[in-house]
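Chemist: Pasting start_4.txt below, which is compact mmCIF, C-alpha atoms.
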# COMPACT_ATOMS: atom_id res chain seq x y z
CA MET A 1 -64.76 -154.21 99.56
CA THR A 2 -65.52 -151.61 96.89
CA ALA A 3 -64.05 -151.04 93.44
CA TYR A 4 -63.94 -147.44 92.25
CA LEU A 5 -63.17 -147.63 88.53
CA ASP A 6 -64.60 -144.31 87.31
CA ASN A 7 -61.43 -142.25 87.45
CA SER A 8 -62.06 -140.55 84.10
CA ALA A 9 -65.09 -138.92 85.73
CA THR A 10 -63.20 -137.85 88.84
CA THR A 11 -60.44 -139.07 91.11
CA LYS A 12 -60.17 -139.30 94.87
CA PRO A 13 -58.09 -136.35 96.14
CA CYS A 14 -54.67 -137.42 97.31
CA LYS A 15 -53.52 -136.73 100.89
CA GLU A 16 -51.16 -134.02 99.70
CA CYS A 17 -54.08 -132.21 98.06
CA ALA A 18 -56.38 -132.54 101.07
CA ASP A 19 -53.65 -131.29 103.43
CA ALA A 20 -52.92 -128.28 101.21
CA VAL A 21 -56.60 -127.32 100.92
CA THR A 22 -57.14 -127.68 104.67
CA ASP A 23 -54.10 -125.58 105.48
CA MET A 24 -55.31 -122.77 103.24
CA LEU A 25 -58.80 -122.87 104.74
CA LEU A 26 -57.68 -122.90 108.35
CA ASN A 27 -54.28 -121.20 108.47
CA ASN A 28 -53.63 -119.24 105.29
CA TRP A 29 -57.04 -117.79 104.49
CA GLY A 30 -56.11 -114.24 103.51
CA ASN A 31 -57.29 -112.69 100.24
CA PRO A 32 -54.33 -113.20 97.90
CA SER A 33 -54.89 -109.76 96.39
CA SER A 34 -54.51 -108.04 99.77
CA LEU A 35 -51.17 -106.33 100.38
CA HIS A 36 -50.77 -107.29 104.04
CA ASN A 37 -48.94 -110.40 105.25
CA LEU A 38 -52.00 -112.68 105.20
CA GLY A 39 -52.66 -111.79 101.57
CA ILE A 40 -49.00 -112.01 100.59
CA ASN A 41 -48.67 -115.46 102.18
CA ALA A 42 -51.70 -116.71 100.27
CA MET A 43 -50.34 -115.26 97.03
CA LYS A 44 -47.03 -117.06 97.58
CA VAL A 45 -48.90 -120.38 97.55
CA ILE A 46 -50.69 -119.44 94.32
CA ILE A 47 -47.38 -118.49 92.71
CA ALA A 48 -45.85 -121.82 93.78
CA ALA A 49 -48.81 -123.77 92.40
CA ARG A 50 -48.73 -121.85 89.13
CA SER A 51 -45.02 -122.61 88.85
CA VAL A 52 -45.33 -126.36 89.43
CA ILE A 53 -48.16 -126.62 86.87
CA ALA A 54 -46.19 -124.55 84.35
CA ASP A 55 -43.11 -126.73 84.86
CA SER A 56 -45.19 -129.87 84.28
CA LEU A 57 -46.16 -128.53 80.85
CA GLY A 58 -42.76 -127.07 79.96
CA VAL A 59 -44.06 -123.49 79.86
CA GLY A 60 -43.60 -120.21 81.68
CA ARG A 61 -45.43 -119.42 84.89
CA GLU A 62 -46.94 -116.31 83.33
CA GLU A 63 -48.58 -118.47 80.65
CA ILE A 64 -50.88 -120.30 83.11
CA ILE A 65 -54.38 -118.94 83.85
CA PHE A 66 -56.46 -120.61 86.55
CA THR A 67 -60.08 -121.48 85.69
CA SER A 68 -62.98 -123.28 87.35
CA GLY A 69 -62.11 -126.48 85.48
CA GLY A 70 -61.74 -128.05 82.06
CA THR A 71 -65.09 -126.85 80.68
CA GLU A 72 -64.37 -123.19 81.34
CA ALA A 73 -60.80 -123.52 80.06
CA ASN A 74 -62.05 -125.12 76.83
CA ASN A 75 -64.62 -122.36 76.35
CA LEU A 76 -62.05 -119.63 76.97
CA ALA A 77 -59.62 -121.26 74.56
CA ILE A 78 -62.06 -121.78 71.71
CA PHE A 79 -63.89 -118.47 71.80
CA GLY A 80 -60.68 -116.59 72.56
CA ALA A 81 -58.81 -118.18 69.65
CA VAL A 82 -61.63 -117.52 67.19
CA LYS A 83 -61.97 -113.91 68.34
CA ALA A 84 -58.24 -113.41 67.86
CA ARG A 85 -58.16 -114.92 64.36
CA LYS A 86 -61.62 -114.21 62.94
CA ARG A 87 -60.32 -111.71 60.37
CA LEU A 88 -58.00 -114.36 58.93
CA GLY A 89 -60.47 -117.10 58.07
CA LYS A 90 -63.69 -118.94 58.84
CA ARG A 91 -62.77 -122.61 59.25
CA ILE A 92 -62.49 -124.47 62.56
CA VAL A 93 -61.29 -128.08 62.64
CA THR A 94 -62.14 -130.38 65.52
CA THR A 95 -63.41 -133.96 65.92
CA ALA A 96 -66.80 -135.56 66.41
CA ILE A 97 -65.64 -137.19 69.66
CA GLU A 98 -64.53 -134.17 71.66
CA HIS A 99 -65.85 -133.33 75.12
CA GLU A 100 -69.22 -131.57 75.10
CA SER A 101 -67.57 -128.31 76.19
CA VAL A 102 -65.72 -128.27 72.88
CA LEU A 103 -68.53 -129.61 70.72
CA GLN A 104 -71.14 -127.21 72.06
CA SER A 105 -68.74 -124.29 71.70
CA ALA A 106 -68.10 -125.31 68.10
CA GLN A 107 -71.83 -125.60 67.44
CA GLU A 108 -72.35 -122.08 68.77
CA LEU A 109 -69.63 -120.80 66.44
CA GLU A 110 -71.39 -122.56 63.55
CA ARG A 111 -74.52 -120.59 64.43
CA GLN A 112 -72.40 -117.44 64.24
CA GLY A 113 -71.39 -118.28 60.67
CA PHE A 114 -68.12 -120.15 61.04
CA GLU A 115 -67.45 -123.37 59.14
CA VAL A 116 -66.74 -126.26 61.52
CA ILE A 117 -65.28 -129.54 60.31
CA TYR A 118 -65.86 -132.50 62.66
CA LEU A 119 -63.37 -135.28 61.86
CA LYS A 120 -65.02 -138.72 62.09
CA PRO A 121 -63.33 -141.63 63.88
CA ASP A 122 -63.10 -145.23 62.74
CA LYS A 123 -64.84 -148.13 64.52
CA LYS A 124 -62.29 -148.05 67.37
CA GLY A 125 -62.33 -144.30 67.81
CA ASN A 126 -59.14 -143.52 65.91
CA ILE A 127 -58.59 -140.40 63.82
CA SER A 128 -55.71 -140.35 61.34
CA LYS A 129 -53.08 -137.74 60.64
CA GLU A 130 -54.15 -137.85 57.00
CA GLN A 131 -57.60 -136.57 57.97
CA LEU A 132 -55.94 -133.55 59.55
CA PHE A 133 -53.71 -132.88 56.55
CA ASP A 134 -56.71 -133.16 54.21
CA THR A 135 -58.88 -130.78 56.25
CA VAL A 136 -56.68 -127.99 57.61
CA ASN A 137 -56.36 -125.30 54.94
CA GLU A 138 -55.27 -121.68 54.65
CA ASP A 139 -58.73 -120.55 55.82
CA THR A 140 -58.45 -122.49 59.10
CA ILE A 141 -58.16 -120.31 62.20
CA LEU A 142 -58.43 -122.93 64.96
CA VAL A 143 -57.68 -126.63 65.36
CA SER A 144 -59.02 -128.07 68.63
CA MET A 145 -58.37 -131.70 69.55
CA MET A 146 -58.22 -133.67 72.77
CA TYR A 147 -55.05 -135.62 73.52
CA ILE A 148 -56.82 -138.69 74.93
CA ASN A 149 -60.52 -139.35 74.44
CA ASN A 150 -62.43 -139.48 77.70
CA GLU A 151 -64.76 -142.35 76.75
CA VAL A 152 -62.71 -144.82 74.72
CA GLY A 153 -59.16 -143.68 75.48
CA THR A 154 -58.15 -143.02 71.87
CA VAL A 155 -54.76 -141.35 71.68
CA MET A 156 -55.36 -138.62 69.14
CA PRO A 157 -52.79 -137.48 66.55
CA VAL A 158 -51.93 -134.27 68.42
CA ASP A 159 -48.28 -134.61 67.40
CA ALA A 160 -49.37 -133.86 63.81
CA LEU A 161 -51.30 -130.66 64.54
CA LYS A 162 -48.36 -128.32 64.14
CA ARG A 163 -47.28 -129.99 60.87
CA ALA A 164 -50.82 -129.83 59.47
CA VAL A 165 -51.08 -126.10 60.22
CA LYS A 166 -47.63 -125.37 58.81
CA ARG A 167 -48.19 -127.48 55.71
CA ALA A 168 -51.41 -125.60 54.90
CA ASN A 169 -49.77 -122.23 55.55
CA SER A 170 -52.62 -121.67 57.96
CA PRO A 171 -52.99 -118.90 60.57
CA ALA A 172 -54.68 -121.41 62.88
CA LEU A 173 -54.12 -121.52 66.61
CA ILE A 174 -53.75 -124.99 68.12
CA HIS A 175 -55.78 -125.98 71.18
CA ILE A 176 -55.28 -129.34 72.90
CA ASP A 177 -57.66 -130.56 75.58
CA CYS A 178 -55.28 -132.48 77.86
CA VAL A 179 -57.75 -133.17 80.66
CA GLN A 180 -57.48 -136.97 80.30
CA ALA A 181 -53.79 -136.94 79.37
CA TYR A 182 -52.41 -134.67 82.08
CA GLY A 183 -50.43 -136.60 84.65
CA LYS A 184 -50.64 -139.76 82.52
CA VAL A 185 -48.31 -138.93 79.63
CA ASN A 186 -45.48 -136.47 79.25
CA ILE A 187 -46.83 -133.20 77.85
CA ASN A 188 -44.55 -130.48 76.51
CA ALA A 189 -46.49 -127.58 75.03
CA LYS A 190 -43.56 -126.27 72.99
CA LYS A 191 -42.80 -129.65 71.39
CA LEU A 192 -46.47 -130.11 70.54
CA GLY A 193 -46.64 -126.63 69.06
CA ALA A 194 -49.73 -125.91 71.15
CA ASP A 195 -50.95 -122.35 71.62
CA LEU A 196 -53.59 -123.36 74.16
CA ILE A 197 -53.76 -126.35 76.54
CA THR A 198 -56.54 -127.28 78.95
CA VAL A 199 -55.90 -129.20 82.20
CA SER A 200 -58.10 -129.98 85.20
CA ALA A 201 -57.29 -130.82 88.82
CA HIS A 202 -59.96 -133.34 89.73
CA LYS A 203 -58.73 -135.84 87.13
CA ILE A 204 -55.30 -136.00 88.80
CA HIS A 205 -56.30 -136.48 92.47
CA GLY A 206 -56.78 -132.77 92.99
CA PRO A 207 -59.91 -130.83 94.03
CA LYS A 208 -62.99 -130.18 91.91
CA GLY A 209 -63.70 -126.65 90.74
CA ILE A 210 -60.20 -125.73 89.57
CA GLY A 211 -58.39 -126.09 86.25
CA ALA A 212 -55.95 -124.16 84.14
CA LEU A 213 -55.47 -122.86 80.63
CA TYR A 214 -52.03 -122.47 79.08
CA ILE A 215 -51.88 -119.50 76.71
CA ASN A 216 -48.72 -119.29 74.62
CA LYS A 217 -47.18 -115.84 75.09
CA GLU A 218 -45.48 -116.12 71.69
CA ALA A 219 -48.90 -116.27 70.00
CA ASN A 220 -49.38 -112.59 70.89
CA LEU A 221 -52.87 -113.12 72.23
CA THR A 222 -54.36 -110.37 74.37
CA ASP A 223 -56.57 -110.51 77.44
CA GLN A 224 -59.33 -108.87 75.38
CA ASN A 225 -59.52 -112.02 73.24
CA PHE A 226 -60.27 -114.24 76.22
CA ALA A 227 -62.05 -112.16 78.85
CA GLN A 228 -65.71 -113.08 79.23
CA SER A 229 -66.22 -111.34 82.56
CA PHE A 230 -64.93 -108.09 83.99
CA GLY A 231 -64.23 -106.62 87.39
CA GLY A 232 -60.65 -107.06 88.54
CA GLU A 233 -56.99 -107.51 87.75
CA GLN A 234 -56.69 -111.17 88.76
CA GLU A 235 -55.49 -113.76 86.24
CA LYS A 236 -54.38 -111.04 83.81
CA ARG A 237 -57.97 -109.77 83.63
CA ILE A 238 -58.90 -112.89 81.68
CA ARG A 239 -60.71 -114.32 84.69
CA PRO A 240 -61.14 -111.54 87.27
CA GLY A 241 -62.33 -112.17 90.81
CA THR A 242 -60.81 -113.37 94.05
CA GLU A 243 -58.67 -116.43 93.42
CA SER A 244 -59.76 -119.68 95.03
CA SER A 245 -56.49 -120.11 96.89
CA PRO A 246 -57.49 -123.37 98.68
CA LEU A 247 -58.35 -125.08 95.39
CA ILE A 248 -55.28 -123.69 93.65
CA ALA A 249 -53.11 -124.94 96.53
CA GLY A 250 -54.70 -128.39 96.24
CA PHE A 251 -54.13 -128.40 92.48
CA GLY A 252 -50.47 -127.55 92.90
CA ALA A 253 -50.03 -130.16 95.63
CA ALA A 254 -51.59 -132.86 93.44
CA VAL A 255 -49.23 -132.01 90.58
CA LYS A 256 -46.25 -131.98 92.92
CA ALA A 257 -47.30 -135.46 94.10
CA PHE A 258 -47.19 -136.95 90.59
CA PRO A 259 -45.34 -140.29 90.73
CA LEU A 260 -42.54 -141.06 88.32
CA MET A 261 -44.19 -141.37 84.90
CA ASN A 262 -42.47 -144.63 83.95
CA GLU A 263 -43.44 -146.33 87.20
CA GLN A 264 -47.05 -145.22 86.87
CA LYS A 265 -47.18 -146.28 83.22
CA LYS A 266 -45.94 -149.75 84.14
CA LEU A 267 -48.56 -150.09 86.90
CA ILE A 268 -51.47 -148.98 84.70
CA ASN A 269 -50.36 -151.18 81.79
CA GLU A 270 -50.33 -154.18 84.13
CA LEU A 271 -53.81 -153.35 85.42
CA ASN A 272 -55.15 -152.91 81.89
CA THR A 273 -53.65 -156.19 80.68
CA TYR A 274 -54.99 -158.03 83.71
CA ALA A 275 -58.45 -156.51 83.28
CA ARG A 276 -58.64 -157.33 79.58
CA LYS A 277 -57.65 -160.93 80.28
CA LYS A 278 -60.21 -161.34 83.07
CA LEU A 279 -62.99 -159.69 81.09
CA SER A 280 -62.26 -161.48 77.82
CA ASP A 281 -63.19 -164.76 79.53
CA ILE A 282 -66.80 -163.56 79.83
CA ASP A 283 -68.98 -164.92 77.02
CA GLY A 284 -70.48 -162.28 74.75
CA LEU A 285 -68.54 -159.35 76.19
CA ARG A 286 -66.91 -157.09 73.56
CA PHE A 287 -64.29 -154.37 73.85
CA ASN A 288 -65.18 -151.13 72.08
CA ASN A 289 -61.60 -149.87 72.15
CA ASP A 290 -58.43 -151.71 71.29
CA GLU A 291 -55.05 -152.01 72.98
CA SER A 292 -53.68 -148.97 71.16
CA ALA A 293 -55.92 -146.79 73.34
CA SER A 294 -54.76 -145.25 76.60
CA PRO A 295 -54.34 -148.04 79.17
CA TYR A 296 -56.29 -145.90 81.65
CA ILE A 297 -59.61 -146.56 79.85
CA ILE A 298 -61.48 -149.69 78.78
CA ASN A 299 -64.86 -149.37 77.08
CA LEU A 300 -66.91 -152.55 76.73
CA TYR A 301 -70.29 -153.94 75.74
CA ILE A 302 -72.11 -156.02 78.38
CA PRO A 303 -74.33 -158.85 77.01
CA THR A 304 -77.43 -158.41 79.19
CA PHE A 305 -81.00 -157.34 78.54
CA MET A 306 -80.45 -154.27 80.76
CA ARG A 307 -79.37 -150.88 79.45
CA SER A 308 -76.15 -149.25 80.59
CA GLN A 309 -77.77 -146.98 83.18
CA THR A 310 -79.37 -149.99 84.86
CA ILE A 311 -76.10 -151.91 84.61
CA LEU A 312 -74.35 -149.08 86.47
CA GLN A 313 -77.02 -149.01 89.16
CA GLU A 314 -76.88 -152.77 89.61
CA LEU A 315 -73.09 -152.80 89.84
CA SER A 316 -73.17 -149.93 92.31
CA SER A 317 -76.03 -151.06 94.55
CA ASN A 318 -75.46 -154.80 94.63
CA TYR A 319 -71.71 -155.20 94.13
CA LYS A 320 -70.17 -151.85 95.22
CA VAL A 321 -68.49 -151.51 91.83
CA TYR A 322 -68.43 -147.98 90.45
CA VAL A 323 -68.03 -147.41 86.70
CA SER A 324 -69.79 -145.19 84.14
CA ASN A 325 -71.40 -145.32 80.73
CA GLY A 326 -69.44 -142.38 79.34
CA SER A 327 -68.76 -138.77 80.21
CA ALA A 328 -70.22 -137.72 83.56
CA CYS A 329 -71.11 -134.36 81.97
CA ALA A 330 -73.53 -136.12 79.63
CA LYS A 331 -75.69 -137.15 82.61
CA GLY A 332 -76.83 -140.44 81.12
CA LYS A 333 -77.38 -139.42 77.48
CA LYS A 334 -76.35 -141.90 74.82
CA SER A 335 -72.66 -141.64 74.05
CA HIS A 336 -71.96 -139.29 71.14
CA VAL A 337 -68.50 -140.87 70.98
CA LEU A 338 -69.72 -144.43 70.40
CA SER A 339 -72.33 -143.07 68.01
CA ALA A 340 -69.69 -141.20 65.98
CA MET A 341 -67.69 -144.44 65.84
CA GLY A 342 -70.63 -145.99 64.00
CA LEU A 343 -71.48 -148.59 66.64
CA ASP A 344 -74.99 -150.05 66.60
CA ASP A 345 -77.78 -149.07 69.00
CA GLU A 346 -77.42 -152.34 70.92
CA THR A 347 -73.81 -151.50 71.71
CA LEU A 348 -74.65 -147.88 72.54
CA ASP A 349 -77.36 -149.02 74.96
CA LYS A 350 -75.25 -151.57 76.85
CA SER A 351 -71.71 -150.27 77.08
CA ILE A 352 -69.77 -149.10 80.12
CA ARG A 353 -66.46 -147.35 80.72
CA ILE A 354 -63.85 -148.58 83.17
CA SER A 355 -61.12 -146.10 84.04
CA PHE A 356 -58.08 -146.64 86.23
CA CYS A 357 -55.82 -144.61 88.48
CA ARG A 358 -52.60 -145.35 90.31
CA TYR A 359 -54.49 -146.41 93.44
CA ASN A 360 -56.42 -149.24 91.77
CA THR A 361 -55.58 -152.88 92.43
CA LYS A 362 -56.03 -156.27 90.78
CA ALA A 363 -58.41 -157.20 93.60
CA GLU A 364 -60.76 -154.44 92.42
CA ILE A 365 -60.61 -155.83 88.90
CA ASP A 366 -61.45 -159.29 90.25
CA LEU A 367 -64.48 -157.79 91.99
CA LEU A 368 -65.52 -156.07 88.75
CA ALA A 369 -65.18 -159.23 86.65
CA ASP A 370 -67.05 -161.37 89.18
CA ALA A 371 -69.81 -158.76 89.41
CA ILE A 372 -70.27 -158.60 85.63
CA LYS A 373 -70.36 -162.40 85.38
CA ASP A 374 -73.00 -162.61 88.10
CA LEU A 375 -75.02 -159.77 86.60
CA ILE A 376 -75.09 -161.43 83.18
CA LYS A 377 -76.06 -164.75 84.77
CA LYS A 378 -78.98 -163.12 86.56
CA HIS A 379 -80.06 -160.92 83.64
CA PRO A 380 -79.07 -162.75 80.41
CA LEU A 381 -79.50 -161.21 76.99
CA GLU A 382 -82.03 -163.88 76.03
CA LYS A 383 -84.69 -162.23 78.21
CA ILE A 384 -85.29 -159.56 75.58
Taking this structure as input, can you express it in the form of C-alpha cells?
Modeler:
Amino acid sequence: MTAYLDNSATTKPCKECADAVTDMLLNNWGNPSSLHNLGINAMKVIIAARSVIADSLGVGREEIIFTSGGTEANNLAIFGAVKARKRLGKRIVTTAIEHESVLQSAQELERQGFEVIYLKPDKKGNISKEQLFDTVNEDTILVSMMYINNEVGTVMPVDALKRAVKRANSPALIHIDCVQAYGKVNINAKKLGADLITVSAHKIHGPKGIGALYINKEANLTDQNFAQSFGGEQEKRIRPGTESSPLIAGFGAAVKAFPLMNEQKKLINELNTYARKKLSDIDGLRFNNDESASPYIINLYIPTFMRSQTILQELSSNYKVYVSNGSACAKGKKSHVLSAMGLDDETLDKSIRISFCRYNTKAEIDLLADAIKDLIKKHPLEKI
C-alpha cells in the first residue's frame, strides 16, 4: 500500500481528464486555429473548456485566458496590473507568505522603483482584515493575495479586499491567486470583487502545463497591458501561439468532473479530523497550523534528529508515504512561509506538509501515522 498525501504539490489526473487528453491527441489533433473541419472541431473543445471554467468562477467565457499554469498566470496578472495602473500610484500590497511566483514578481517591481508592502502573518499564518485596511491607501495600484496558503492552508481575508480598496478610494486592481482554493471552495469573482484570478489544472486532477487567468472585462484592461510575447492572435494576443488543445481539454474535463462541493467538504473535513486525532497521539509532534486553516492541508513538526528533506526521503523509500516539506517550486529550500510566521529554526528544519484530495482514505492516514511513529522511534530527537 502507498499513501500519496502531497496533493498541494500536484494531484493524480482523474479518468475524465486522461480520457479527454487522449482523445485530443489521437482523434482530434487539428490545429484549433485552422479553418478546416479538424481545426474547427479542436476549437469547439477549447470553447467548451473555456466555458466550463468560466462558469465555475461566475464569469464570462471571454474573460478566461489560458496559460501554462499558475506561475505564468500570476506573472501576467501582476505585471499587467502594474503596467495598467502605474500612472496612478506606486504602492503594491501583498503578503509575506505568497507563492514564489508572486513574491519574486513583487521583488522585481521593487527593483523598478515601486513600493511593496508585505503583510506579515501571525504564528499560525493568519493575516487580518485590519492589516489590509491599515495598508491599502490611495496610492495603491495592486493588491495581490492568495485565497488559501499552499503550505499551511491559511484562509486569507480575500473577502475584505474589495472593501479595503473602496475604503481607501484606491485605484488598485485586485488579484487573487486561487490555485489552492479552486475546486475546494466556492469562488465567485464578481462577489469577491476580483479583477484578476489565477487557477491551475494540475491541482484539481487535471494535467500539468495548463492554467488560466481571469481578467475582468469591466476593468477596461487591454491586451497591451498583459502581453509579454508576440506572434499571433490566440488568447486575445495576450498569450499568442498554438493552443495546447489536449491540455485545455483535460483541464475542462477535470472541472466538469468536480464533485458536489458540500459532499467533498464533508469528506475532507472527516479526513482532516481523523488525521489530527491520529497524529496528536504522537509524543512531541506539533501542528504548525490550526483548525481554522483549510482542511486540505496539515503542516506539522516531526520530533526527530533528521531534517525535513531526510524525513521525506525516509517516508518515501521505507514506508511508501509521499508528503512534502512545503512548496514543490521551492525545491527543498527552507520554507519562507514558516519563517514569516516567526517559527524557530528547529521547526523550520523538521516540518512537513500533508495535503489531501477527494481520493484519499483513512487507511492512508493510518499508514502515515504508523510510519511517523516508527521513524521517530528509530531516529529520536535525543540523538542530536
Chemist: Which one of A:Ser229, A:Ser316, A:Ser355, A:Ser245 sits closest to Asn299 of chain A if you count only C-alpha atoms?
Modeler: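 Among A:Ser229, A:Ser316, A:Ser355, A:Ser245, it is A:Ser355 that comes nearest to Asn299 of chain A.
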Chemist: Measuring atom to atom with all atoms listed in the file, identify which of A:Leu343, A:Leu260, A:Ile141, A:Ala201 is nearest to Asn169 of chain A.
Modeler: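 For Asn169 of chain A, the nearest of the candidates is A:Ile141.
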Chemist: Can you pull out every residue within 9 Å of segment 8-15 of chain A, counting all atoms listed in the file, but drop anything in the same chain fewer than 4 positions away, and send it as a PyMOL selection string?
Modeler: chain A and resi 19-20+150-151+180+202-208+250+253-254+257+296-297+324+326-329+353-357
Chemist: Which one of A:Leu38, A:Ser128, A:Gly193, A:Glu100 sits closest to Lys333 of chain A if you count only C-alpha atoms?
Modeler: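 Smallest distance to Lys333 of chain A is found for A:Glu100.
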Chemist: Could you name the residues that touch Lys373 of chain A at 9 Å or less, counting all atoms listed in the file, but leaving out those on the same chain fewer than 6 positions away, as a ChimeraX atom specification?
Modeler: /A:279,282-283
Chemist: Determine, counting all atoms listed in the file, which protein, DNA and RNA residues have an atom within 10 Å of an atom of segment 40-48 of chain A; residues of the same chain fewer than 3 positions away are not included. Present the result as a PyMOL selection string.
Modeler: chain A and resi 20+24+27-37+51-54+61-62+66+243-253
Chemist: Produce a table with one row for each residue of segment 49-111 of chain A that has an atom at most 8 Å from any atom of segment 337-341 of chain A, each row naming the nearest atom pair and its distance in Å at one decimal; use all atoms listed in the file; arrange rows by chain and rising residue number; format as a Markdown table.
Modeler:
| residue | atom | partner | partner_atom | distance |
| --- | --- | --- | --- | --- |
| A:Ala96 | CA | A:Ala340 | CA | 6.4 |
| A:Ile97 | CA | A:Val337 | CA | 4.8 |
| A:Glu98 | CA | A:Val337 | CA | 7.8 |
Chemist: For the selection just defined, write its residues with C-alpha atoms to a file, as a PDB file, in the coordinates of the input.
Modeler:
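After the write, part-v8.pdb holds the following:
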ATOM      1  CA  ALA A  96     -66.800-135.560  66.410  1.00  0.00           C
ATOM      2  CA  ILE A  97     -65.640-137.190  69.660  1.00  0.00           C
ATOM      3  CA  GLU A  98     -64.530-134.170  71.660  1.00  0.00           C
TER       4      GLU A  98
END
Chemist: Which polymer residues, protein or nucleic acid, are no farther than 12 Å from (-69.6, -127.5, 72.8), counting only C-alpha atoms, as an MDAnalysis selection string?
Modeler: chainID A and resid 71:72 74:79 94:111 116 118 144 329:330
Chemist: Take atom CA of Leu368 of chain A and atom CA of Pro303 of chain A and report the distance between them in Å, one decimal.
Modeler: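 Separating atom CA of Leu368 of chain A from atom CA of Pro303 of chain A is a distance of 14.9 Å.
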Chemist: Restricting the calculation to only C-alpha atoms, which member of A:Ala73, A:Leu348, A:Ala168, A:Leu88 is positioned closest to Arg307 of chain A?
Modeler: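 Among the listed residues, the smallest separation from Arg307 of chain A belongs to A:Leu348.
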Chemist: For a quick check of understanding, using only C-alpha atoms, which of A:Leu57, A:Ile176, A:Val165, A:Leu367 has the smallest distance to Leu196 of chain A?
Modeler: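 Using only C-alpha atoms, Leu196 of chain A sits closest to A:Ile176.
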Chemist: Atom CA of Ala212 of chain A and atom CA of Ile64 of chain A, how far apart in Å?
Modeler: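 Computing it gives 6.5 Å between the two atoms.
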Chemist: Using all atoms listed in the file, can you tell me which of A:Thr273, A:Asn7, A:Thr242, A:Gln224 comes closest to Val323 of chain A?
Modeler: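 Nearest to Val323 of chain A: A:Asn7.
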Chemist: Show which residues sit within 10 Å of Ile65 of chain A, as a PyMOL selection string. Count all atoms listed in the file, and ignore same-chain residues fewer than 4 positions away.
Modeler: chain A and resi 50+54+61+73+198+211-215+234-239
Chemist: For atom CA of Ala369 of chain A and atom CA of Leu267 of chain A, quote the distance in Å rounded to one decimal.
Modeler: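 Atom-to-atom, atom CA of Ala369 of chain A and atom CA of Leu267 of chain A are spaced 19.0 Å apart.
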Chemist: Contacts of segment 312-315 of chain A at 8 Å or less, counting all atoms listed in the file, minus same-chain residues fewer than 6 places along, as a list in words?
Modeler: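 Once the nearby chain positions are removed, what remains is Val321, Tyr322, Val323, Ser324, Asn325, Ile352, Ala371, Ile372 and Leu375 of chain A.
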Chemist: Taking (-61.3, -131.0, 83.4) as a centre in this file's frame and 6 Å as the limit, can you find every polymer residue with an atom that close, using all atoms listed in the file, and give them as number ranges by chain?
Modeler: A: 69-70, 179, 199-200
